[in-house]
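Student: The structure's right below; bear with me while I get my questions together.
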Amino acid sequence: MLICAHLTDLPNLLNKDYNFDHKFIFSKTSDSGLGLTATGIKVNELFIGDISTQYKSGKTVVDVKVDTNSNISTTVTVNELLAGAKTSLSFKIPDQKSGKLDVHYLHDLVAFNSSIGLTPTPLLEFAAAIGSRELSLGAEIGFDSASASFTKYNAGLGFNKHDFSAALMLTDKGETLKASYIHVLNPINGAAVAAEMIHKFNTNENSFTIGSLHNVDPLTMVKTRFSNSGKAAVLCQHQWRPKSFITLSAEYDPKAVSAPPKLGLALALKP
């Protein structure tokens, strides 16, 4: 959601890089603006992968991705078509109903995203936010013209300071209330803590997740995560060469007594 665009550190701290499978990423960018990325994930005995390329020329960026199911996804983005605006056209082969046109606009005090499906009965989405670096308010809405029904309507309020950020969001068509908070304890070593609380009105259910981040040294990061369900996770990521990382993740679920702890290994190479 636009309202929480400034809170990117929160989902990064609680979720980013946690992986409990075997994952490999290789990426290479040439001086001519052509980039190549290959990704492979082994889930149990199943291997899933994709190869994507990116070409940049002036204000235009073309992304093409081919996955193991022979799906071809293409996105063409034109930056600064108008001041502060970005337009992108995306489609997937062989899905003839996947075409979509997106328009993004960003200004100092206002931003909006709009999306329309390129079909006779398109899916329409619109999101907008207004505010400053410290305080912002936003909302988003989705409408399916085929069924003449709303697919989503969410709203949120965000507050941001140099050492902490907080947000309150109403999501799932008003059925879920989320409160999020992240605090930087030490900007020198990157030590930070974050918490997210969720309340579901339809079931009167409450849940929470807390996490921490600490840079052991300039090349090594450790994260932890705990939830009210009892799950505990830890992650260690080391940059063993510039822009190349090895990440180890582990998660223990006390309710799954018959299952071993989940372990994951990810290797990202960028020569």
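Convention: chains lettered A, B, ... in structure tokens order; per-chain residue numbering from 1; ligands numbered from 1 as shown.
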When you look at range 209-223 of chain A with a cut-off of 9 Å (counting only C-alpha atoms), what residues show up, excluding the ones that are within fewer than 5 positions of it in the same chain? I need them as a ChimeraX atom specification.
Tutor: /A:13-14,189-198,228,233-241
Student: Show me, as number ranges by chain, the residues that have an atom within 12 Å of range 106-117 of chain A when counting only C-alpha atoms, minus same-chain residues fewer than 3 positions from it.
Tutor: A: 1-5, 79-80, 82-91, 96-103, 120-146
Student: Kindly export the residues of the current selection with N, CA and C atoms, as a compact mmCIF listing (two decimals), in the first residue's frame.
Tutor:
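To be explicit, this is the file written out as out24.txt:
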# COMPACT_ATOMS: atom_id res chain seq x y z
N MET A 1 0.85 -1.19 0.00
CA MET A 1 0.00 0.00 0.00
C MET A 1 0.89 1.24 0.00
N LEU A 2 0.46 2.28 -0.69
CA LEU A 2 1.24 3.50 -0.77
C LEU A 2 1.50 4.12 0.59
N ILE A 3 0.51 4.02 1.48
CA ILE A 3 0.62 4.68 2.77
C ILE A 3 1.83 4.20 3.54
N CYS A 4 2.22 2.95 3.29
CA CYS A 4 3.33 2.38 4.06
C CYS A 4 4.58 2.21 3.23
N ALA A 5 4.68 2.98 2.13
CA ALA A 5 5.87 2.86 1.30
C ALA A 5 7.13 3.23 2.09
N ASN A 79 9.83 5.56 -17.92
CA ASN A 79 9.99 6.48 -16.80
C ASN A 79 9.94 7.92 -17.27
N GLU A 80 9.36 8.77 -16.41
CA GLU A 80 9.33 10.21 -16.66
C GLU A 80 8.72 10.54 -18.02
N LEU A 82 5.87 11.85 -18.20
CA LEU A 82 5.59 13.19 -17.72
C LEU A 82 6.35 13.34 -16.41
N ALA A 83 6.57 14.56 -15.96
CA ALA A 83 7.34 14.78 -14.74
C ALA A 83 6.71 14.05 -13.57
N GLY A 84 7.48 13.14 -12.94
CA GLY A 84 7.01 12.40 -11.78
C GLY A 84 6.18 11.18 -12.11
N ALA A 85 5.96 10.89 -13.39
CA ALA A 85 5.08 9.79 -13.78
C ALA A 85 5.87 8.63 -14.36
N LYS A 86 5.37 7.43 -14.13
CA LYS A 86 5.94 6.20 -14.70
C LYS A 86 4.81 5.34 -15.21
N THR A 87 4.93 4.84 -16.43
CA THR A 87 3.90 4.02 -17.06
C THR A 87 4.47 2.66 -17.42
N SER A 88 3.73 1.60 -17.15
CA SER A 88 4.21 0.27 -17.49
C SER A 88 3.09 -0.57 -18.09
N LEU A 89 3.46 -1.38 -19.08
CA LEU A 89 2.56 -2.31 -19.74
C LEU A 89 3.10 -3.71 -19.51
N SER A 90 2.24 -4.60 -19.00
CA SER A 90 2.69 -5.96 -18.71
C SER A 90 1.71 -6.97 -19.26
N PHE A 91 2.23 -8.13 -19.64
CA PHE A 91 1.39 -9.22 -20.13
C PHE A 91 2.15 -10.52 -19.98
N GLN A 96 -4.06 -14.88 -22.20
CA GLN A 96 -4.53 -13.77 -23.02
C GLN A 96 -5.25 -12.71 -22.20
N LYS A 97 -5.55 -13.00 -20.93
CA LYS A 97 -6.27 -12.04 -20.09
C LYS A 97 -5.35 -11.37 -19.07
N SER A 98 -4.05 -11.52 -19.26
CA SER A 98 -3.11 -11.02 -18.26
C SER A 98 -2.63 -9.59 -18.54
N GLY A 99 -2.99 -9.01 -19.67
CA GLY A 99 -2.53 -7.67 -20.00
C GLY A 99 -2.97 -6.64 -18.97
N LYS A 100 -2.06 -5.72 -18.63
CA LYS A 100 -2.36 -4.73 -17.61
C LYS A 100 -1.58 -3.45 -17.87
N LEU A 101 -2.21 -2.31 -17.65
CA LEU A 101 -1.57 -1.02 -17.80
C LEU A 101 -1.52 -0.33 -16.44
N ASP A 102 -0.33 0.09 -16.02
CA ASP A 102 -0.15 0.75 -14.73
C ASP A 102 0.41 2.14 -14.94
N VAL A 103 -0.08 3.08 -14.13
CA VAL A 103 0.42 4.45 -14.14
C VAL A 103 0.76 4.82 -12.69
N PRO A 120 -12.08 -6.96 -21.91
CA PRO A 120 -13.40 -6.31 -22.05
C PRO A 120 -14.05 -5.99 -20.70
N THR A 121 -13.78 -6.82 -19.68
CA THR A 121 -14.30 -6.58 -18.33
C THR A 121 -13.11 -6.50 -17.38
N PRO A 122 -12.45 -5.35 -17.33
CA PRO A 122 -11.17 -5.27 -16.63
C PRO A 122 -11.30 -5.20 -15.11
N LEU A 123 -10.19 -5.53 -14.47
CA LEU A 123 -10.02 -5.32 -13.04
C LEU A 123 -9.38 -3.95 -12.86
N LEU A 124 -10.00 -3.08 -12.07
CA LEU A 124 -9.53 -1.72 -11.87
C LEU A 124 -9.00 -1.57 -10.45
N GLU A 125 -7.84 -0.94 -10.32
CA GLU A 125 -7.26 -0.70 -9.00
C GLU A 125 -6.73 0.71 -8.94
N PHE A 126 -6.89 1.34 -7.76
CA PHE A 126 -6.40 2.71 -7.57
C PHE A 126 -5.95 2.87 -6.13
N ALA A 127 -4.80 3.50 -5.94
CA ALA A 127 -4.27 3.76 -4.61
C ALA A 127 -3.71 5.17 -4.59
N ALA A 128 -3.88 5.86 -3.46
CA ALA A 128 -3.39 7.23 -3.34
C ALA A 128 -2.95 7.49 -1.91
N ALA A 129 -1.97 8.37 -1.78
CA ALA A 129 -1.48 8.77 -0.47
C ALA A 129 -1.13 10.24 -0.49
N ILE A 130 -1.32 10.88 0.65
CA ILE A 130 -1.00 12.30 0.79
C ILE A 130 -0.36 12.51 2.14
N GLY A 131 0.60 13.43 2.19
CA GLY A 131 1.25 13.69 3.46
C GLY A 131 2.67 14.17 3.28
N SER A 132 3.42 14.09 4.37
CA SER A 132 4.81 14.54 4.38
C SER A 132 5.70 13.37 4.78
N ARG A 133 6.99 13.66 5.00
CA ARG A 133 7.90 12.62 5.43
C ARG A 133 7.51 12.05 6.79
N GLU A 134 6.88 12.87 7.63
CA GLU A 134 6.54 12.43 8.99
C GLU A 134 5.16 11.81 9.09
N LEU A 135 4.18 12.38 8.42
CA LEU A 135 2.81 11.91 8.56
C LEU A 135 2.18 11.74 7.19
N SER A 136 1.55 10.58 6.97
CA SER A 136 0.90 10.32 5.68
C SER A 136 -0.37 9.51 5.88
N LEU A 137 -1.28 9.70 4.94
CA LEU A 137 -2.57 9.02 4.96
C LEU A 137 -2.85 8.50 3.56
N GLY A 138 -3.33 7.26 3.47
CA GLY A 138 -3.57 6.69 2.16
C GLY A 138 -4.69 5.68 2.15
N ALA A 139 -5.12 5.31 0.94
CA ALA A 139 -6.17 4.32 0.76
C ALA A 139 -6.02 3.68 -0.60
N GLU A 140 -6.57 2.49 -0.75
CA GLU A 140 -6.56 1.80 -2.03
C GLU A 140 -7.88 1.08 -2.22
N ILE A 141 -8.25 0.87 -3.49
CA ILE A 141 -9.52 0.23 -3.81
C ILE A 141 -9.35 -0.59 -5.08
N GLY A 142 -10.06 -1.70 -5.15
CA GLY A 142 -10.05 -2.54 -6.33
C GLY A 142 -11.47 -2.90 -6.72
N PHE A 143 -11.75 -2.89 -8.04
CA PHE A 143 -13.11 -3.15 -8.51
C PHE A 143 -13.05 -4.10 -9.70
N ASP A 144 -13.82 -5.17 -9.63
CA ASP A 144 -13.90 -6.15 -10.71
C ASP A 144 -15.15 -5.85 -11.53
N SER A 145 -14.96 -5.35 -12.75
CA SER A 145 -16.12 -4.97 -13.57
C SER A 145 -16.89 -6.19 -14.07
N ALA A 146 -16.25 -7.36 -14.10
CA ALA A 146 -16.95 -8.57 -14.57
C ALA A 146 -18.06 -8.97 -13.59
Student: Pick out each residue of range 201-238 of chain A that DSSP on the backbone tags as strand (DSSP E or B); I need them as an MDAnalysis selection string.
Tutor: chainID A and resid 205:217 220:227 232:238
Student: Identify, on the basis of only C-alpha atoms, every residue whose closest approach to range 15-20 of chain A does not exceed 6 Å; exclude the query and any residue fewer than 6 positions from it along the same chain; express the result as a list of chain:residue names.
Tutor: A:Ser249, A:Lys262, A:Leu263, A:Gly264
Student: Name all residues at most 12 Å from Ile48 in chain A (count only C-alpha atoms; drop same-chain ones fewer than 3 positions away) and give them as a PDB file with N, CA and C atoms, in the first residue's frame.
Tutor:
ATOM      1  N   ASP A  21      13.853 -23.321   2.112  1.00  0.00           N
ATOM      2  CA  ASP A  21      14.115 -24.276   1.040  1.00  0.00           C
ATOM      3  C   ASP A  21      15.564 -24.082   0.594  1.00  0.00           C
ATOM      4  N   HIS A  22      15.907 -24.603  -0.559  1.00  0.00           N
ATOM      5  CA  HIS A  22      17.232 -24.389  -1.133  1.00  0.00           C
ATOM      6  C   HIS A  22      17.066 -23.464  -2.338  1.00  0.00           C
ATOM      7  N   LYS A  23      17.723 -22.311  -2.294  1.00  0.00           N
ATOM      8  CA  LYS A  23      17.505 -21.278  -3.304  1.00  0.00           C
ATOM      9  C   LYS A  23      18.850 -20.795  -3.849  1.00  0.00           C
ATOM     10  N   PHE A  24      18.878 -20.580  -5.170  1.00  0.00           N
ATOM     11  CA  PHE A  24      20.086 -20.095  -5.835  1.00  0.00           C
ATOM     12  C   PHE A  24      19.705 -18.966  -6.784  1.00  0.00           C
ATOM     13  N   ALA A  38      19.096 -15.559 -13.098  1.00  0.00           N
ATOM     14  CA  ALA A  38      18.586 -16.930 -13.071  1.00  0.00           C
ATOM     15  C   ALA A  38      18.305 -17.310 -11.623  1.00  0.00           C
ATOM     16  N   THR A  39      17.109 -17.842 -11.381  1.00  0.00           N
ATOM     17  CA  THR A  39      16.687 -18.212 -10.029  1.00  0.00           C
ATOM     18  C   THR A  39      16.216 -19.654 -10.018  1.00  0.00           C
ATOM     19  N   GLY A  40      16.651 -20.404  -9.023  1.00  0.00           N
ATOM     20  CA  GLY A  40      16.214 -21.783  -8.865  1.00  0.00           C
ATOM     21  C   GLY A  40      15.895 -22.070  -7.410  1.00  0.00           C
ATOM     22  N   ILE A  41      14.775 -22.757  -7.154  1.00  0.00           N
ATOM     23  CA  ILE A  41      14.350 -23.109  -5.805  1.00  0.00           C
ATOM     24  C   ILE A  41      13.982 -24.585  -5.774  1.00  0.00           C
ATOM     25  N   LYS A  42      14.526 -25.313  -4.822  1.00  0.00           N
ATOM     26  CA  LYS A  42      14.169 -26.711  -4.632  1.00  0.00           C
ATOM     27  C   LYS A  42      13.271 -26.822  -3.408  1.00  0.00           C
ATOM     28  N   VAL A  43      12.013 -27.212  -3.640  1.00  0.00           N
ATOM     29  CA  VAL A  43      11.036 -27.384  -2.572  1.00  0.00           C
ATOM     30  C   VAL A  43      10.743 -28.876  -2.465  1.00  0.00           C
ATOM     31  N   ASN A  44      11.213 -29.504  -1.407  1.00  0.00           N
ATOM     32  CA  ASN A  44      11.135 -30.960  -1.267  1.00  0.00           C
ATOM     33  C   ASN A  44      11.841 -31.601  -2.469  1.00  0.00           C
ATOM     34  N   GLU A  45      11.105 -32.316  -3.318  1.00  0.00           N
ATOM     35  CA  GLU A  45      11.701 -32.931  -4.499  1.00  0.00           C
ATOM     36  C   GLU A  45      11.371 -32.161  -5.776  1.00  0.00           C
ATOM     37  N   ILE A  51      14.272 -17.668 -15.596  1.00  0.00           N
ATOM     38  CA  ILE A  51      15.350 -16.845 -16.143  1.00  0.00           C
ATOM     39  C   ILE A  51      14.733 -15.525 -16.597  1.00  0.00           C
ATOM     40  N   VAL A  66      11.057 -16.011 -18.122  1.00  0.00           N
ATOM     41  CA  VAL A  66      10.560 -17.318 -18.557  1.00  0.00           C
ATOM     42  C   VAL A  66      10.716 -18.280 -17.387  1.00  0.00           C
ATOM     43  N   ASP A  67       9.616 -18.968 -16.999  1.00  0.00           N
ATOM     44  CA  ASP A  67       9.692 -19.889 -15.866  1.00  0.00           C
ATOM     45  C   ASP A  67       9.647 -21.337 -16.340  1.00  0.00           C
ATOM     46  N   THR A  68       9.716 -22.258 -15.394  1.00  0.00           N
ATOM     47  CA  THR A  68       9.789 -23.685 -15.719  1.00  0.00           C
ATOM     48  C   THR A  68       8.480 -24.218 -16.285  1.00  0.00           C
ATOM     49  N   ASN A  69       7.392 -23.455 -16.177  1.00  0.00           N
ATOM     50  CA  ASN A  69       6.110 -23.853 -16.772  1.00  0.00           C
ATOM     51  C   ASN A  69       5.915 -23.251 -18.156  1.00  0.00           C
ATOM     52  N   SER A  70       6.992 -22.701 -18.729  1.00  0.00           N
ATOM     53  CA  SER A  70       6.982 -22.097 -20.072  1.00  0.00           C
ATOM     54  C   SER A  70       6.110 -20.858 -20.162  1.00  0.00           C
TER      55      SER A  70
END
Student: Calculated over only C-alpha atoms, which of the candidates A:Thr60, A:Lys92, A:Thr119, A:Gly230 has the smallest distance to Thr74 in chain A?
Tutor: A:Lys92
Student: What does the distance from CA of Ser52 in chain A to CA of Ala266 in chain A come to in Å, to one decimal?
Tutor: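 Straight-line distance from CA of Ser52 in chain A to CA of Ala266 in chain A works out to 18.3 Å.
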